[in-house]
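Structure file run_8.cif; described as mmCIF, N, CA and C atoms.
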```cif
data_input
#
loop_
_atom_site.group_PDB
_atom_site.id
_atom_site.type_symbol
_atom_site.label_atom_id
_atom_site.label_comp_id
_atom_site.auth_asym_id
_atom_site.auth_seq_id
_atom_site.Cartn_x
_atom_site.Cartn_y
_atom_site.Cartn_z
ATOM 1 N N MET X 1 13.792 6.369 6.173
ATOM 2 C CA MET X 1 14.630 5.862 5.100
ATOM 3 C C MET X 1 14.563 6.839 3.922
ATOM 4 N N ASN X 2 15.708 7.136 3.350
ATOM 5 C CA ASN X 2 15.827 8.043 2.224
ATOM 6 C C ASN X 2 15.240 7.396 0.967
ATOM 7 N N ILE X 3 14.609 8.196 0.083
ATOM 8 C CA ILE X 3 13.995 7.613 -1.112
ATOM 9 C C ILE X 3 15.040 7.035 -2.058
ATOM 10 N N TYR X 4 16.261 7.536 -1.998
ATOM 11 C CA TYR X 4 17.319 6.996 -2.848
ATOM 12 C C TYR X 4 17.856 5.672 -2.316
ATOM 13 N N ASP X 5 17.587 5.345 -1.065
ATOM 14 C CA ASP X 5 17.976 4.053 -0.504
ATOM 15 C C ASP X 5 16.919 2.992 -0.741
ATOM 16 N N VAL X 6 15.693 3.382 -1.022
ATOM 17 C CA VAL X 6 14.593 2.427 -1.188
ATOM 18 C C VAL X 6 14.727 1.683 -2.507
ATOM 19 N N ILE X 7 14.793 2.411 -3.620
ATOM 20 C CA ILE X 7 14.902 1.784 -4.939
ATOM 21 C C ILE X 7 16.371 1.746 -5.328
ATOM 22 N N LYS X 8 16.886 0.527 -5.528
ATOM 23 C CA LYS X 8 18.304 0.366 -5.829
ATOM 24 C C LYS X 8 18.588 0.447 -7.324
ATOM 25 N N LYS X 9 17.878 -0.355 -8.140
ATOM 26 C CA LYS X 9 18.129 -0.376 -9.578
ATOM 27 C C LYS X 9 16.949 -1.011 -10.292
ATOM 28 N N PRO X 10 16.807 -0.728 -11.579
ATOM 29 C CA PRO X 10 15.734 -1.385 -12.336
ATOM 30 C C PRO X 10 16.091 -2.835 -12.629
ATOM 31 N N LEU X 11 15.077 -3.653 -12.774
ATOM 32 C CA LEU X 11 15.268 -5.060 -13.099
ATOM 33 C C LEU X 11 14.784 -5.255 -14.529
ATOM 34 N N ILE X 12 15.727 -5.396 -15.450
ATOM 35 C CA ILE X 12 15.395 -5.477 -16.868
ATOM 36 C C ILE X 12 15.697 -6.882 -17.372
ATOM 37 N N THR X 13 14.630 -7.643 -17.603
ATOM 38 C CA THR X 13 14.722 -8.980 -18.175
ATOM 39 C C THR X 13 13.676 -9.085 -19.275
ATOM 40 N N GLU X 14 13.622 -10.226 -19.940
ATOM 41 C CA GLU X 14 12.607 -10.424 -20.969
ATOM 42 C C GLU X 14 11.210 -10.406 -20.361
ATOM 43 N N LYS X 15 11.067 -11.027 -19.214
ATOM 44 C CA LYS X 15 9.756 -11.096 -18.555
ATOM 45 C C LYS X 15 9.280 -9.711 -18.115
ATOM 46 N N THR X 16 10.164 -8.921 -17.532
ATOM 47 C CA THR X 16 9.752 -7.599 -17.061
ATOM 48 C C THR X 16 9.518 -6.632 -18.219
ATOM 49 N N THR X 17 10.253 -6.782 -19.315
ATOM 50 C CA THR X 17 10.027 -5.945 -20.486
ATOM 51 C C THR X 17 8.667 -6.244 -21.110
ATOM 52 N N LEU X 18 8.302 -7.512 -21.163
ATOM 53 C CA LEU X 18 6.987 -7.898 -21.679
ATOM 54 C C LEU X 18 5.874 -7.384 -20.772
ATOM 55 N N ALA X 19 6.065 -7.452 -19.460
ATOM 56 C CA ALA X 19 5.063 -6.943 -18.516
ATOM 57 C C ALA X 19 4.915 -5.433 -18.628
ATOM 58 N N LYS X 20 6.010 -4.734 -18.888
ATOM 59 C CA LYS X 20 5.955 -3.285 -19.055
ATOM 60 C C LYS X 20 5.170 -2.913 -20.309
ATOM 61 N N ASP X 21 5.389 -3.655 -21.387
ATOM 62 C CA ASP X 21 4.718 -3.347 -22.641
ATOM 63 C C ASP X 21 3.233 -3.696 -22.611
ATOM 64 N N THR X 22 2.871 -4.794 -21.974
ATOM 65 C CA THR X 22 1.477 -5.244 -22.002
ATOM 66 C C THR X 22 0.644 -4.691 -20.850
ATOM 67 N N ASN X 23 1.184 -4.685 -19.633
ATOM 68 C CA ASN X 23 0.393 -4.348 -18.449
ATOM 69 C C ASN X 23 0.796 -3.048 -17.771
ATOM 70 N N ASN X 24 1.793 -2.336 -18.303
ATOM 71 C CA ASN X 24 2.284 -1.094 -17.710
ATOM 72 C C ASN X 24 2.795 -1.328 -16.283
ATOM 73 N N VAL X 25 3.594 -2.398 -16.124
ATOM 74 C CA VAL X 25 4.166 -2.785 -14.830
ATOM 75 C C VAL X 25 5.688 -2.736 -14.940
ATOM 76 N N VAL X 26 6.344 -2.093 -13.966
ATOM 77 C CA VAL X 26 7.795 -1.946 -13.953
ATOM 78 C C VAL X 26 8.353 -2.734 -12.774
ATOM 79 N N ALA X 27 9.472 -3.431 -12.988
ATOM 80 C CA ALA X 27 10.109 -4.197 -11.915
ATOM 81 C C ALA X 27 11.402 -3.512 -11.489
ATOM 82 N N VAL X 28 11.619 -3.419 -10.179
ATOM 83 C CA VAL X 28 12.823 -2.803 -9.630
ATOM 84 C C VAL X 28 13.334 -3.638 -8.460
ATOM 85 N N VAL X 29 14.635 -3.528 -8.215
ATOM 86 C CA VAL X 29 15.249 -4.126 -7.036
ATOM 87 C C VAL X 29 15.182 -3.084 -5.932
ATOM 88 N N VAL X 30 14.675 -3.478 -4.759
ATOM 89 C CA VAL X 30 14.482 -2.534 -3.666
ATOM 90 C C VAL X 30 15.245 -3.004 -2.434
ATOM 91 N N SER X 31 15.302 -2.143 -1.444
ATOM 92 C CA SER X 31 15.944 -2.463 -0.177
ATOM 93 C C SER X 31 15.146 -3.554 0.537
ATOM 94 N N GLY X 32 15.841 -4.394 1.274
ATOM 95 C CA GLY X 32 15.188 -5.511 1.938
ATOM 96 C C GLY X 32 14.229 -5.118 3.041
ATOM 97 N N ASP X 33 14.417 -3.960 3.649
ATOM 98 C CA ASP X 33 13.536 -3.548 4.736
ATOM 99 C C ASP X 33 12.549 -2.466 4.319
ATOM 100 N N ALA X 34 12.399 -2.224 3.013
ATOM 101 C CA ALA X 34 11.420 -1.243 2.526
ATOM 102 C C ALA X 34 10.042 -1.891 2.427
ATOM 103 N N ASN X 35 9.007 -1.125 2.790
ATOM 104 C CA ASN X 35 7.647 -1.644 2.654
ATOM 105 C C ASN X 35 6.980 -1.042 1.415
ATOM 106 N N LYS X 36 5.734 -1.469 1.143
ATOM 107 C CA LYS X 36 5.050 -1.054 -0.077
ATOM 108 C C LYS X 36 4.772 0.446 -0.109
ATOM 109 N N ILE X 37 4.473 1.026 1.025
ATOM 110 C CA ILE X 37 4.177 2.456 1.084
ATOM 111 C C ILE X 37 5.429 3.266 0.752
ATOM 112 N N GLN X 38 6.579 2.865 1.297
ATOM 113 C CA GLN X 38 7.827 3.559 1.016
ATOM 114 C C GLN X 38 8.225 3.412 -0.452
ATOM 115 N N ILE X 39 7.988 2.233 -1.021
ATOM 116 C CA ILE X 39 8.321 1.997 -2.428
ATOM 117 C C ILE X 39 7.443 2.862 -3.322
ATOM 118 N N LYS X 40 6.158 2.962 -3.001
ATOM 119 C CA LYS X 40 5.239 3.783 -3.795
ATOM 120 C C LYS X 40 5.648 5.255 -3.742
ATOM 121 N N GLN X 41 5.942 5.766 -2.554
ATOM 122 C CA GLN X 41 6.335 7.165 -2.420
ATOM 123 C C GLN X 41 7.648 7.446 -3.144
ATOM 124 N N ALA X 42 8.603 6.530 -3.048
ATOM 125 C CA ALA X 42 9.893 6.729 -3.704
ATOM 126 C C ALA X 42 9.745 6.725 -5.222
ATOM 127 N N ALA X 43 8.925 5.831 -5.762
ATOM 128 C CA ALA X 43 8.729 5.762 -7.216
ATOM 129 C C ALA X 43 8.032 7.013 -7.731
ATOM 130 N N GLU X 44 7.044 7.507 -6.984
ATOM 131 C CA GLU X 44 6.333 8.704 -7.418
ATOM 132 C C GLU X 44 7.231 9.932 -7.399
ATOM 133 N N LYS X 45 8.133 10.030 -6.408
ATOM 134 C CA LYS X 45 9.010 11.194 -6.329
ATOM 135 C C LYS X 45 10.183 11.097 -7.299
ATOM 136 N N LEU X 46 10.793 9.914 -7.423
ATOM 137 C CA LEU X 46 11.963 9.768 -8.276
ATOM 138 C C LEU X 46 11.619 9.820 -9.759
ATOM 139 N N PHE X 47 10.587 9.084 -10.158
ATOM 140 C CA PHE X 47 10.277 8.935 -11.574
ATOM 141 C C PHE X 47 9.131 9.826 -12.041
ATOM 142 N N LYS X 48 8.466 10.512 -11.099
ATOM 143 C CA LYS X 48 7.343 11.406 -11.413
ATOM 144 C C LYS X 48 6.262 10.693 -12.211
ATOM 145 N N VAL X 49 5.795 9.555 -11.676
ATOM 146 C CA VAL X 49 4.719 8.768 -12.274
ATOM 147 C C VAL X 49 3.608 8.593 -11.253
ATOM 148 N N ASP X 50 2.446 8.138 -11.709
ATOM 149 C CA ASP X 50 1.308 7.880 -10.847
ATOM 150 C C ASP X 50 1.208 6.372 -10.626
ATOM 151 N N VAL X 51 1.454 5.910 -9.394
ATOM 152 C CA VAL X 51 1.508 4.487 -9.075
ATOM 153 C C VAL X 51 0.134 4.001 -8.646
ATOM 154 N N LYS X 52 -0.293 2.882 -9.238
ATOM 155 C CA LYS X 52 -1.574 2.284 -8.883
ATOM 156 C C LYS X 52 -1.413 1.263 -7.745
ATOM 157 N N ALA X 53 -0.436 0.363 -7.863
ATOM 158 C CA ALA X 53 -0.242 -0.683 -6.855
ATOM 159 C C ALA X 53 1.220 -1.116 -6.838
ATOM 160 N N VAL X 54 1.616 -1.725 -5.717
ATOM 161 C CA VAL X 54 2.976 -2.252 -5.559
ATOM 162 C C VAL X 54 2.870 -3.674 -5.017
ATOM 163 N N ARG X 55 3.577 -4.598 -5.657
ATOM 164 C CA ARG X 55 3.673 -5.972 -5.165
ATOM 165 C C ARG X 55 5.139 -6.286 -4.908
ATOM 166 N N THR X 56 5.441 -6.915 -3.780
ATOM 167 C CA THR X 56 6.831 -7.193 -3.411
ATOM 168 C C THR X 56 7.058 -8.689 -3.284
ATOM 169 N N ILE X 57 8.308 -9.088 -3.544
ATOM 170 C CA ILE X 57 8.706 -10.492 -3.447
ATOM 171 C C ILE X 57 10.085 -10.546 -2.806
ATOM 172 N N ASN X 58 10.257 -11.403 -1.802
ATOM 173 C CA ASN X 58 11.571 -11.658 -1.220
ATOM 174 C C ASN X 58 12.193 -12.825 -1.966
ATOM 175 N N MET X 59 13.324 -12.576 -2.602
ATOM 176 C CA MET X 59 14.004 -13.590 -3.397
ATOM 177 C C MET X 59 15.147 -14.188 -2.568
ATOM 178 N N ALA X 60 15.181 -15.502 -2.508
ATOM 179 C CA ALA X 60 16.242 -16.192 -1.775
ATOM 180 C C ALA X 60 17.482 -16.278 -2.652
ATOM 181 N N GLY X 61 18.648 -16.052 -2.051
ATOM 182 C CA GLY X 61 19.905 -16.159 -2.785
ATOM 183 C C GLY X 61 20.222 -17.606 -3.115
ATOM 184 N N LYS X 62 20.810 -17.807 -4.273
ATOM 185 C CA LYS X 62 21.129 -19.164 -4.717
ATOM 186 C C LYS X 62 22.414 -19.665 -4.062
ATOM 187 N N VAL X 63 22.483 -20.972 -3.868
ATOM 188 C CA VAL X 63 23.706 -21.604 -3.388
ATOM 189 C C VAL X 63 24.547 -21.948 -4.611
ATOM 190 N N LYS X 64 25.757 -21.430 -4.655
ATOM 191 C CA LYS X 64 26.643 -21.636 -5.789
ATOM 192 C C LYS X 64 27.892 -22.377 -5.336
ATOM 193 N N ARG X 65 28.511 -23.079 -6.282
ATOM 194 C CA ARG X 65 29.664 -23.881 -5.970
ATOM 195 C C ARG X 65 30.764 -23.645 -6.988
ATOM 196 N N THR X 66 31.998 -23.521 -6.524
ATOM 197 C CA THR X 66 33.159 -23.422 -7.389
ATOM 198 C C THR X 66 34.164 -24.453 -6.904
ATOM 199 N N GLY X 67 34.209 -25.580 -7.556
ATOM 200 C CA GLY X 67 35.082 -26.665 -7.105
ATOM 201 C C GLY X 67 34.603 -27.218 -5.777
ATOM 202 N N ARG X 68 35.484 -27.176 -4.768
ATOM 203 C CA ARG X 68 35.095 -27.662 -3.442
ATOM 204 C C ARG X 68 34.424 -26.598 -2.595
ATOM 205 N N ASN X 69 34.548 -25.343 -2.990
ATOM 206 C CA ASN X 69 34.024 -24.243 -2.179
ATOM 207 C C ASN X 69 32.539 -24.031 -2.461
ATOM 208 N N ILE X 70 31.784 -23.887 -1.396
ATOM 209 C CA ILE X 70 30.347 -23.635 -1.508
ATOM 210 C C ILE X 70 30.060 -22.272 -0.902
ATOM 211 N N GLY X 71 29.300 -21.489 -1.629
ATOM 212 C CA GLY X 71 28.933 -20.165 -1.144
ATOM 213 C C GLY X 71 27.473 -19.894 -1.432
ATOM 214 N N LYS X 72 26.959 -18.796 -0.883
ATOM 215 C CA LYS X 72 25.560 -18.430 -1.079
ATOM 216 C C LYS X 72 25.491 -16.963 -1.453
ATOM 217 N N ARG X 73 24.688 -16.666 -2.472
ATOM 218 C CA ARG X 73 24.454 -15.276 -2.850
ATOM 219 C C ARG X 73 23.518 -14.631 -1.836
ATOM 220 N N SER X 74 23.525 -13.321 -1.793
ATOM 221 C CA SER X 74 22.701 -12.600 -0.827
ATOM 222 C C SER X 74 21.225 -12.680 -1.198
ATOM 223 N N ASN X 75 20.372 -12.659 -0.178
ATOM 224 C CA ASN X 75 18.944 -12.538 -0.406
ATOM 225 C C ASN X 75 18.640 -11.114 -0.858
ATOM 226 N N TRP X 76 17.595 -10.947 -1.689
ATOM 227 C CA TRP X 76 17.240 -9.623 -2.175
ATOM 228 C C TRP X 76 15.736 -9.521 -2.351
ATOM 229 N N LYS X 77 15.272 -8.307 -2.550
ATOM 230 C CA LYS X 77 13.836 -8.051 -2.639
ATOM 231 C C LYS X 77 13.549 -7.300 -3.929
ATOM 232 N N LYS X 78 12.489 -7.719 -4.626
ATOM 233 C CA LYS X 78 12.092 -6.999 -5.825
ATOM 234 C C LYS X 78 10.651 -6.562 -5.696
ATOM 235 N N ALA X 79 10.309 -5.531 -6.464
ATOM 236 C CA ALA X 79 8.967 -4.970 -6.419
ATOM 237 C C ALA X 79 8.455 -4.781 -7.837
ATOM 238 N N TYR X 80 7.195 -5.161 -8.038
ATOM 239 C CA TYR X 80 6.491 -4.882 -9.287
ATOM 240 C C TYR X 80 5.609 -3.664 -9.042
ATOM 241 N N ILE X 81 5.865 -2.589 -9.772
ATOM 242 C CA ILE X 81 5.137 -1.340 -9.598
ATOM 243 C C ILE X 81 4.164 -1.185 -10.761
ATOM 244 N N SER X 82 2.862 -1.215 -10.473
ATOM 245 C CA SER X 82 1.828 -1.024 -11.488
ATOM 246 C C SER X 82 1.556 0.464 -11.627
ATOM 247 N N LEU X 83 1.611 0.950 -12.856
ATOM 248 C CA LEU X 83 1.400 2.360 -13.129
ATOM 249 C C LEU X 83 -0.011 2.586 -13.664
ATOM 250 N N ASN X 84 -0.554 3.768 -13.399
ATOM 251 C CA ASN X 84 -1.864 4.115 -13.933
ATOM 252 C C ASN X 84 -1.783 4.303 -15.442
ATOM 253 N N VAL X 85 -2.939 4.392 -16.078
ATOM 254 C CA VAL X 85 -3.023 4.409 -17.535
ATOM 255 C C VAL X 85 -2.250 5.570 -18.152
ATOM 256 N N GLY X 86 -2.312 6.747 -17.585
ATOM 257 C CA GLY X 86 -1.641 7.910 -18.166
ATOM 258 C C GLY X 86 -0.144 7.948 -17.944
ATOM 259 N N SER X 87 0.386 7.160 -17.007
ATOM 260 C CA SER X 87 1.803 7.203 -16.663
ATOM 261 C C SER X 87 2.609 6.251 -17.538
ATOM 262 N N ASN X 88 3.838 6.668 -17.829
ATOM 263 C CA ASN X 88 4.746 5.838 -18.598
ATOM 264 C C ASN X 88 6.141 6.020 -18.028
ATOM 265 N N LEU X 89 6.904 4.921 -17.967
ATOM 266 C CA LEU X 89 8.247 4.976 -17.411
ATOM 267 C C LEU X 89 9.169 4.141 -18.298
ATOM 268 N N ASP X 90 10.213 4.777 -18.798
ATOM 269 C CA ASP X 90 11.208 4.078 -19.607
ATOM 270 C C ASP X 90 12.577 4.399 -19.014
ATOM 271 N N PHE X 91 13.283 3.374 -18.544
ATOM 272 C CA PHE X 91 14.551 3.580 -17.860
ATOM 273 C C PHE X 91 15.658 4.054 -18.798
ATOM 274 N N PHE X 92 15.549 3.768 -20.091
ATOM 275 C CA PHE X 92 16.591 4.159 -21.013
ATOM 276 C C PHE X 92 16.483 5.621 -21.427
ATOM 277 N N GLU X 93 15.341 6.259 -21.191
ATOM 278 C CA GLU X 93 15.184 7.667 -21.538
ATOM 279 C C GLU X 93 15.554 8.573 -20.371
ATOM 280 N N LEU X 94 15.677 8.031 -19.152
ATOM 281 C CA LEU X 94 16.011 8.850 -17.988
ATOM 282 C C LEU X 94 17.410 9.280 -18.120
#
```

Mind converting the file's structure to structure tokens?
Amino acid sequence: MNIYDVIKKPLITEKTTLAKDTNNVVAVVVSGDANKIQIKQAAEKLFKVDVKAVRTINMAGKVKRTGRNIGKRSNWKKAYISLNVGSNLDFFEL
């Protein structure tokens, strides 16, 4: 799997911004079939940071309704990437 296919986009919310500021942890949306080793290698090569640990979560898509029609959003996977003390990553400066 190509490193550009592993990490899709950053996940920027209030919770992830607070985690980045306090614990040096970055959240990203990743490919559904990527494992922790692939995510770590992709983050180190793409962002040039030193990764300490990777935690992954499979998120279930929500069931949404518009009038009589019922649909379901796609399932997706996110990863929390813990960075070492000397590393820093800011998506707005890239």

Residues near Thr22 of chain X, cut-off 12 Å, only C-alpha atoms, skip fewer than 4 positions along chain, as number ranges by chain | X: 15-18, 26, 82-83, 85

Near-segment 50-58 of chain X list (8 Å; only C-alpha atoms; drop same-chain fewer than 4 positions) as a ChimeraX atom specification = /X:32,36,39-40,43-44,75-84,86-87

All file atoms of segment 14-27 of chain X boxed axis-aligned, 8 Å per side, centre plus edges, as lines of an AutoDock Vina configuration file:
```
center_x = 7.0
center_y = -6.1
center_z = -17.1
size_x = 29.2
size_y = 26.0
size_z = 27.2
```

Sel. of helix (DSSP H, G or I) residues, chain X, as a PDB file with N, CA and C atoms, keeping the file's coordinate frame:
```
ATOM      1  N   ILE X   3      14.609   8.196   0.083  1.00  0.00           N
ATOM      2  CA  ILE X   3      13.995   7.613  -1.112  1.00  0.00           C
ATOM      3  C   ILE X   3      15.040   7.035  -2.058  1.00  0.00           C
ATOM      4  N   TYR X   4      16.261   7.536  -1.998  1.00  0.00           N
ATOM      5  CA  TYR X   4      17.319   6.996  -2.848  1.00  0.00           C
ATOM      6  C   TYR X   4      17.856   5.672  -2.316  1.00  0.00           C
ATOM      7  N   ASP X   5      17.587   5.345  -1.065  1.00  0.00           N
ATOM      8  CA  ASP X   5      17.976   4.053  -0.504  1.00  0.00           C
ATOM      9  C   ASP X   5      16.919   2.992  -0.741  1.00  0.00           C
ATOM     10  N   VAL X   6      15.693   3.382  -1.022  1.00  0.00           N
ATOM     11  CA  VAL X   6      14.593   2.427  -1.188  1.00  0.00           C
ATOM     12  C   VAL X   6      14.727   1.683  -2.507  1.00  0.00           C
ATOM     13  N   GLU X  14      13.622 -10.226 -19.940  1.00  0.00           N
ATOM     14  CA  GLU X  14      12.607 -10.424 -20.969  1.00  0.00           C
ATOM     15  C   GLU X  14      11.210 -10.406 -20.361  1.00  0.00           C
ATOM     16  N   LYS X  15      11.067 -11.027 -19.214  1.00  0.00           N
ATOM     17  CA  LYS X  15       9.756 -11.096 -18.555  1.00  0.00           C
ATOM     18  C   LYS X  15       9.280  -9.711 -18.115  1.00  0.00           C
ATOM     19  N   THR X  16      10.164  -8.921 -17.532  1.00  0.00           N
ATOM     20  CA  THR X  16       9.752  -7.599 -17.061  1.00  0.00           C
ATOM     21  C   THR X  16       9.518  -6.632 -18.219  1.00  0.00           C
ATOM     22  N   THR X  17      10.253  -6.782 -19.315  1.00  0.00           N
ATOM     23  CA  THR X  17      10.027  -5.945 -20.486  1.00  0.00           C
ATOM     24  C   THR X  17       8.667  -6.244 -21.110  1.00  0.00           C
ATOM     25  N   LEU X  18       8.302  -7.512 -21.163  1.00  0.00           N
ATOM     26  CA  LEU X  18       6.987  -7.898 -21.679  1.00  0.00           C
ATOM     27  C   LEU X  18       5.874  -7.384 -20.772  1.00  0.00           C
ATOM     28  N   ALA X  19       6.065  -7.452 -19.460  1.00  0.00           N
ATOM     29  CA  ALA X  19       5.063  -6.943 -18.516  1.00  0.00           C
ATOM     30  C   ALA X  19       4.915  -5.433 -18.628  1.00  0.00           C
ATOM     31  N   LYS X  20       6.010  -4.734 -18.888  1.00  0.00           N
ATOM     32  CA  LYS X  20       5.955  -3.285 -19.055  1.00  0.00           C
ATOM     33  C   LYS X  20       5.170  -2.913 -20.309  1.00  0.00           C
ATOM     34  N   ASP X  21       5.389  -3.655 -21.387  1.00  0.00           N
ATOM     35  CA  ASP X  21       4.718  -3.347 -22.641  1.00  0.00           C
ATOM     36  C   ASP X  21       3.233  -3.696 -22.611  1.00  0.00           C
ATOM     37  N   THR X  22       2.871  -4.794 -21.974  1.00  0.00           N
ATOM     38  CA  THR X  22       1.477  -5.244 -22.002  1.00  0.00           C
ATOM     39  C   THR X  22       0.644  -4.691 -20.850  1.00  0.00           C
ATOM     40  N   ASN X  23       1.184  -4.685 -19.633  1.00  0.00           N
ATOM     41  CA  ASN X  23       0.393  -4.348 -18.449  1.00  0.00           C
ATOM     42  C   ASN X  23       0.796  -3.048 -17.771  1.00  0.00           C
ATOM     43  N   LYS X  36       5.734  -1.469   1.143  1.00  0.00           N
ATOM     44  CA  LYS X  36       5.050  -1.054  -0.077  1.00  0.00           C
ATOM     45  C   LYS X  36       4.772   0.446  -0.109  1.00  0.00           C
ATOM     46  N   ILE X  37       4.473   1.026   1.025  1.00  0.00           N
ATOM     47  CA  ILE X  37       4.177   2.456   1.084  1.00  0.00           C
ATOM     48  C   ILE X  37       5.429   3.266   0.752  1.00  0.00           C
ATOM     49  N   GLN X  38       6.579   2.865   1.297  1.00  0.00           N
ATOM     50  CA  GLN X  38       7.827   3.559   1.016  1.00  0.00           C
ATOM     51  C   GLN X  38       8.225   3.412  -0.452  1.00  0.00           C
ATOM     52  N   ILE X  39       7.988   2.233  -1.021  1.00  0.00           N
ATOM     53  CA  ILE X  39       8.321   1.997  -2.428  1.00  0.00           C
ATOM     54  C   ILE X  39       7.443   2.862  -3.322  1.00  0.00           C
ATOM     55  N   LYS X  40       6.158   2.962  -3.001  1.00  0.00           N
ATOM     56  CA  LYS X  40       5.239   3.783  -3.795  1.00  0.00           C
ATOM     57  C   LYS X  40       5.648   5.255  -3.742  1.00  0.00           C
ATOM     58  N   GLN X  41       5.942   5.766  -2.554  1.00  0.00           N
ATOM     59  CA  GLN X  41       6.335   7.165  -2.420  1.00  0.00           C
ATOM     60  C   GLN X  41       7.648   7.446  -3.144  1.00  0.00           C
ATOM     61  N   ALA X  42       8.603   6.530  -3.048  1.00  0.00           N
ATOM     62  CA  ALA X  42       9.893   6.729  -3.704  1.00  0.00           C
ATOM     63  C   ALA X  42       9.745   6.725  -5.222  1.00  0.00           C
ATOM     64  N   ALA X  43       8.925   5.831  -5.762  1.00  0.00           N
ATOM     65  CA  ALA X  43       8.729   5.762  -7.216  1.00  0.00           C
ATOM     66  C   ALA X  43       8.032   7.013  -7.731  1.00  0.00           C
ATOM     67  N   GLU X  44       7.044   7.507  -6.984  1.00  0.00           N
ATOM     68  CA  GLU X  44       6.333   8.704  -7.418  1.00  0.00           C
ATOM     69  C   GLU X  44       7.231   9.932  -7.399  1.00  0.00           C
ATOM     70  N   LYS X  45       8.133  10.030  -6.408  1.00  0.00           N
ATOM     71  CA  LYS X  45       9.010  11.194  -6.329  1.00  0.00           C
ATOM     72  C   LYS X  45      10.183  11.097  -7.299  1.00  0.00           C
ATOM     73  N   LEU X  46      10.793   9.914  -7.423  1.00  0.00           N
ATOM     74  CA  LEU X  46      11.963   9.768  -8.276  1.00  0.00           C
ATOM     75  C   LEU X  46      11.619   9.820  -9.759  1.00  0.00           C
ATOM     76  N   PHE X  47      10.587   9.084 -10.158  1.00  0.00           N
ATOM     77  CA  PHE X  47      10.277   8.935 -11.574  1.00  0.00           C
ATOM     78  C   PHE X  47       9.131   9.826 -12.041  1.00  0.00           C
TER      79      PHE X  47
END
```

What does the distance between atom N of Phe91 of chain X and atom CA of Val6 of chain X come to in Å, to one decimal place?
->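 Value for the atom N of Phe91 of chain X-atom CA of Val6 of chain X distance: 17.4 Å.
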
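Reported to one decimal place, the separation of atom C of Gln38 of chain X from atom CA of Ile7 of chain X is 8.2 Å.
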
Just asking: which residues within segment 41-90 of chain X are strand (DSSP E) according to DSSP, as a PyMOL selection string?
-> chain X and resi 51-59+63-66+69-72+76-83

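Atom CA of Ala34 of chain X sits 8.2 Å away from atom CA of Met1 of chain X.
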
Could you expand the PyMOL selection byres ((chain X and resi 62) around 6.5) into the explicit residues it covers here, written as a PDB file with N, CA and C atoms, keeping the file's coordinate frame?
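Full text of part_36.pdb as output:
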```pdb
ATOM      1  N   ALA X  60      15.181 -15.502  -2.508  1.00  0.00           N
ATOM      2  CA  ALA X  60      16.242 -16.192  -1.775  1.00  0.00           C
ATOM      3  C   ALA X  60      17.482 -16.278  -2.652  1.00  0.00           C
ATOM      4  N   GLY X  61      18.648 -16.052  -2.051  1.00  0.00           N
ATOM      5  CA  GLY X  61      19.905 -16.159  -2.785  1.00  0.00           C
ATOM      6  C   GLY X  61      20.222 -17.606  -3.115  1.00  0.00           C
ATOM      7  N   VAL X  63      22.483 -20.972  -3.868  1.00  0.00           N
ATOM      8  CA  VAL X  63      23.706 -21.604  -3.388  1.00  0.00           C
ATOM      9  C   VAL X  63      24.547 -21.948  -4.611  1.00  0.00           C
ATOM     10  N   LYS X  64      25.757 -21.430  -4.655  1.00  0.00           N
ATOM     11  CA  LYS X  64      26.643 -21.636  -5.789  1.00  0.00           C
ATOM     12  C   LYS X  64      27.892 -22.377  -5.336  1.00  0.00           C
ATOM     13  N   GLY X  71      29.300 -21.489  -1.629  1.00  0.00           N
ATOM     14  CA  GLY X  71      28.933 -20.165  -1.144  1.00  0.00           C
ATOM     15  C   GLY X  71      27.473 -19.894  -1.432  1.00  0.00           C
ATOM     16  N   LYS X  72      26.959 -18.796  -0.883  1.00  0.00           N
ATOM     17  CA  LYS X  72      25.560 -18.430  -1.079  1.00  0.00           C
ATOM     18  C   LYS X  72      25.491 -16.963  -1.453  1.00  0.00           C
ATOM     19  N   ARG X  73      24.688 -16.666  -2.472  1.00  0.00           N
ATOM     20  CA  ARG X  73      24.454 -15.276  -2.850  1.00  0.00           C
ATOM     21  C   ARG X  73      23.518 -14.631  -1.836  1.00  0.00           C
ATOM     22  N   SER X  74      23.525 -13.321  -1.793  1.00  0.00           N
ATOM     23  CA  SER X  74      22.701 -12.600  -0.827  1.00  0.00           C
ATOM     24  C   SER X  74      21.225 -12.680  -1.198  1.00  0.00           C
TER      25      SER X  74
END
```

Residue neighbourhood Lys9 of chain X, 8 Å, all atoms listed in the file, exclusion window fewer than 2 positions, as a list in words |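 The residues that qualify are Val6, Ile7, Leu11, Ile12, Ala27, Val28, Val29, Val30 and Ser31 of chain X.
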
N, CA, C and O atoms are what I want for segment 73-77 of chain X; can you complete it accordingly and write them as a CSV table (one decimal), keeping the file's coordinate frame?
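In the end it all went to result_0.csv:
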```
chain,number,residue,atom,x,y,z
X,73,ARG,N,24.7,-16.7,-2.5
X,73,ARG,CA,24.5,-15.3,-2.8
X,73,ARG,C,23.5,-14.6,-1.8
X,73,ARG,O,22.8,-15.3,-1.1
X,74,SER,N,23.5,-13.3,-1.8
X,74,SER,CA,22.7,-12.6,-0.8
X,74,SER,C,21.2,-12.7,-1.2
X,74,SER,O,20.9,-12.7,-2.4
X,75,ASN,N,20.4,-12.7,-0.2
X,75,ASN,CA,18.9,-12.5,-0.4
X,75,ASN,C,18.6,-11.1,-0.9
X,75,ASN,O,19.3,-10.2,-0.5
X,76,TRP,N,17.6,-10.9,-1.7
X,76,TRP,CA,17.2,-9.6,-2.2
X,76,TRP,C,15.7,-9.5,-2.4
X,76,TRP,O,15.0,-10.5,-2.3
X,77,LYS,N,15.3,-8.3,-2.6
X,77,LYS,CA,13.8,-8.1,-2.6
X,77,LYS,C,13.5,-7.3,-3.9
X,77,LYS,O,14.3,-6.4,-4.3
```
